[in-house]
Amino acid sequence: MRFAHLSDIHLGFQKHEALQKIEQDVFEKICDQCIERKIDFILIPGDLFHVNIPEMRVQKFAFAKFRQIYDAKIPVYVVYGSHDFSPVSNSVIDLLAAVGYITKVTKVKESENGKIVLDFLIDKKTGVKIAGLSGLKVGKDREYYEKLDSDSLEAESGLKIFLFHGGITEMKTDSGMDGANMPLSLLPKNFDYYAGGHMHKFNAQKFDDHPNVVYPGTPFAGYHSDLEDNAKGQRRGFVIVEFEEKINKIEFVEVANTSYKVIEVNAENRIAESVNKELQDKIRDIDPAKQVIIIKVQGEMTKGKTADVDISTIRDELNQKGALMVNINKNQLTSKEYSITEAKGANKEEIETNVFSENIGQLRFEQKNLIGEQGVQLAKKLLAGLVHQKLENEKVADYNSRIKENAFGTLGLDSDAS
């Protein structure tokens, strides 16, 4: 018997047409392999979608693929990730569950002593017992795990799988998506397999009380850090696990996405003219046709604005030479001369991203989630939540409360504490 474990697909993340196609192609390949290999069931521990309610294009694609899996009689078991989760509204995951294409694993009930008690879900074909907790916003996961009634879970007999979405301190990697982590000891002991989500690199380790803790990583995603890792040879794909009365084999299945080239420039103690010349020299020597080009400029310039580094011209030249897409990372580029800079883009989404990227590198915060790529994505998500329109017949007070709760939820804060 075999099950597949995939995570952090982030469907709907990409706004660039070429990357949208890659994002969908990769997921389609994984689904097709699961059907061809006659997998007994599929586990998805979070971040199936990049937002809780993605655009209609993404929903139609997802429903079509999950219908194929459903028709192949392969159950899909999921928990929310931090992106699927919404503090005040439902997710498209609920729609997929309502039509029977997927099954949400988390079955929570509060006991009298304040403990969180989980019920097991039993896969009908294999008899495997599955439990799990959905991912929440930063800092909230640990609170739930500290209240978890682990004794009842550990006492259950049979082959058991635990789904979870969050970072584990003992398995931390250099991935920029690790974020806040919790100790392994918070997970219930004595499960045969721990299906993890959230960490974007494949990672499988064994521990005394927690055998087979596995993160398949993202199949593609497309954050700056993901694309850079892809370009440097990071393997992407999913996991297939063979089992009988115990776990027999864990196989990482690599799924190709696209071709890359990386251009890196160190701007430390330099001026913009010097950085621009190096960029021009480097793109002159490459053939960018049908490839994703990663441009990374970092360091603190001695003079001028970060906007003086002329990325727009570089992007135009690479696009004219047939680049599939040009991905630019200037989040770690700063200047001794601080100033708010404007930014251009082909559309509203790109302009917003470029404005945040141009300016966020000039800020100084101790909280890592407020700077760099994480800071850009957090700022974009917060902005998207703040521009929601007032619903028909919705009272002003209710509208203000909804927007406030969305904003605090995005920031991982308790709105009552304000």
# chains A, B, ... in the order shown; residues from 1 in each chain; ligands from 1

call {"tool": "residues_around", "arguments": {"residues": "A:Gly222", "least_positions_apart": "5", "cutoff": "10 Å", "atoms": "only C-alpha atoms", "output": "MDAnalysis selection string"}}
result
chainID A and resid 9:10 13:14 19:20 22:23 227:230 327

call {"tool": "closest_atom_pairs", "arguments": {"of": "stretch 193-287 of chain A", "to": "stretch 77-86 of chain A", "cutoff": "12 Å", "atoms": "only C-alpha atoms", "output": "CSV"}}
result
residue,atom,partner,partner_atom,distance
A:Ala195,CA,A:Val78,CA,10.3
A:Gly196,CA,A:Val79,CA,10.3
A:Gly197,CA,A:Gly81,CA,7.5
A:His198,CA,A:Gly81,CA,7.3
A:Met199,CA,A:Gly81,CA,11.1

call {"tool": "write_last_selection", "arguments": {"atoms": "C-alpha atoms", "output": "compact mmCIF listing (two decimals), in the first residue's frame"}}
result
# COMPACT_ATOMS: atom_id res chain seq x y z
CA ALA A 195 3.23 14.59 7.52
CA GLY A 196 4.57 18.12 7.76
CA GLY A 197 3.88 21.27 5.78
CA HIS A 198 5.24 24.84 5.80
CA MET A 199 8.98 24.27 5.36

call {"tool": "closest_residue", "arguments": {"among": "A:Phe3, A:Thr218, A:Glu244, A:Asp119", "to": "A:Gly158", "atoms": "only C-alpha atoms"}}
result
A:Glu244

call {"tool": "closest_residue", "arguments": {"among": "A:Ala221, A:Ile53, A:Leu43, A:Ala379", "to": "A:Gln24", "atoms": "only C-alpha atoms"}}
result
A:Ala221

call {"tool": "atom_distance", "arguments": {"atom1": "atom CA of A:Arg235", "atom2": "atom CA of A:Ile30"}}
result
14.2 Å

call {"tool": "atom_distance", "arguments": {"atom1": "atom CA of A:Cys31", "atom2": "atom CA of A:Leu121"}}
result
22.6 Å

call {"tool": "select_by_dssp", "arguments": {"residues": "stretch 71-214 of chain A", "states": "strand (DSSP E or B)", "output": "PyMOL selection string"}}
result
chain A and resi 76-79+103-104+108-110+116-118+121-122+129-132+148+160-165+167-168+181-182+193-197+203-205+213-214

call {"tool": "residues_around", "arguments": {"residues": "A:Asn269", "least_positions_apart": "3", "cutoff": "9 Å", "atoms": "only C-alpha atoms", "output": "list of chain:residue names"}}
result
A:Asn266, A:Gly299, A:Glu300, A:Met301, A:Thr302, A:Lys303

call {"tool": "residues_around", "arguments": {"residues": "stretch 160-168 of chain A", "least_positions_apart": "5", "cutoff": "6 Å", "atoms": "only C-alpha atoms", "output": "PDB file with C-alpha atoms, in the first residue's frame"}}
result
ATOM      1  CA  PRO A  45      -0.814  19.318   5.226  1.00  0.00           C
ATOM      2  CA  GLY A  46      -1.526  22.899   4.294  1.00  0.00           C
ATOM      3  CA  GLY A  81      -1.990  25.878   6.184  1.00  0.00           C
ATOM      4  CA  LYS A 129      -5.727   6.213  11.401  1.00  0.00           C
ATOM      5  CA  ILE A 130      -5.180   9.893  10.636  1.00  0.00           C
ATOM      6  CA  ALA A 131      -5.263  12.913  12.950  1.00  0.00           C
ATOM      7  CA  GLY A 132      -3.930  16.439  12.657  1.00  0.00           C
ATOM      8  CA  LEU A 133      -4.083  20.136  13.405  1.00  0.00           C
ATOM      9  CA  GLY A 135      -1.737  25.668  10.665  1.00  0.00           C
ATOM     10  CA  ASP A 178      10.890  28.526   8.078  1.00  0.00           C
ATOM     11  CA  ASN A 181       9.239  27.169  14.913  1.00  0.00           C
ATOM     12  CA  MET A 182       8.116  24.992  17.803  1.00  0.00           C
ATOM     13  CA  PRO A 183       9.926  22.127  19.550  1.00  0.00           C
ATOM     14  CA  LEU A 184       9.337  18.582  18.321  1.00  0.00           C
ATOM     15  CA  PHE A 191       2.822   8.024  15.429  1.00  0.00           C
ATOM     16  CA  ASP A 192       4.269   6.058  12.513  1.00  0.00           C
ATOM     17  CA  TYR A 193       4.459   9.051  10.188  1.00  0.00           C
ATOM     18  CA  TYR A 194       4.370  12.819  10.700  1.00  0.00           C
ATOM     19  CA  ALA A 195       3.229  14.586   7.515  1.00  0.00           C
ATOM     20  CA  GLY A 196       4.574  18.122   7.756  1.00  0.00           C
ATOM     21  CA  GLY A 197       3.877  21.269   5.784  1.00  0.00           C
ATOM     22  CA  HIS A 198       5.240  24.844   5.802  1.00  0.00           C
TER      23      HIS A 198
END

call {"tool": "residues_around", "arguments": {"residues": "A:Glu154", "least_positions_apart": "4", "cutoff": "10 Å", "atoms": "only C-alpha atoms", "output": "JSON, numbers by chain"}}
result
{"A": [149, 150, 160, 188, 189, 190, 191]}

call {"tool": "write_last_selection", "arguments": {"atoms": "N, CA and C atoms", "output": "CSV table (one decimal), in the first residue's frame"}}
result
chain,number,residue,atom,x,y,z
A,149,ASP,N,-4.5,17.3,23.9
A,149,ASP,CA,-4.5,16.0,24.7
A,149,ASP,C,-3.8,15.0,23.9
A,150,SER,N,-2.4,14.9,24.1
A,150,SER,CA,-1.6,14.0,23.4
A,150,SER,C,-1.8,12.6,23.9
A,160,LYS,N,-0.6,4.9,12.5
A,160,LYS,CA,-1.1,6.3,12.7
A,160,LYS,C,-0.3,7.3,12.0
A,188,PRO,N,2.4,15.0,19.3
A,188,PRO,CA,2.2,13.7,20.0
A,188,PRO,C,3.2,12.6,19.6
A,189,LYS,N,3.5,11.8,20.6
A,189,LYS,CA,4.5,10.8,20.3
A,189,LYS,C,3.9,9.5,19.7
A,190,ASN,N,4.8,8.6,19.2
A,190,ASN,CA,4.4,7.3,18.8
A,190,ASN,C,3.4,7.2,17.6
A,191,PHE,N,3.5,8.2,16.7
A,191,PHE,CA,2.8,8.0,15.4
A,191,PHE,C,3.8,7.4,14.5

call {"tool": "atom_distance", "arguments": {"atom1": "atom CA of A:Glu254", "atom2": "atom CA of A:Gly237"}}
result
4.4 Å

call {"tool": "residues_around", "arguments": {"residues": "stretch 92-97 of chain A", "least_positions_apart": "3", "cutoff": "8 Å", "atoms": "only C-alpha atoms", "output": "list in words"}}
result
Asn52, Ile53, Pro54, Gln59, Phe63, Asp84, Gly100, Tyr101, Ile102, Thr103 and Lys104 of chain A
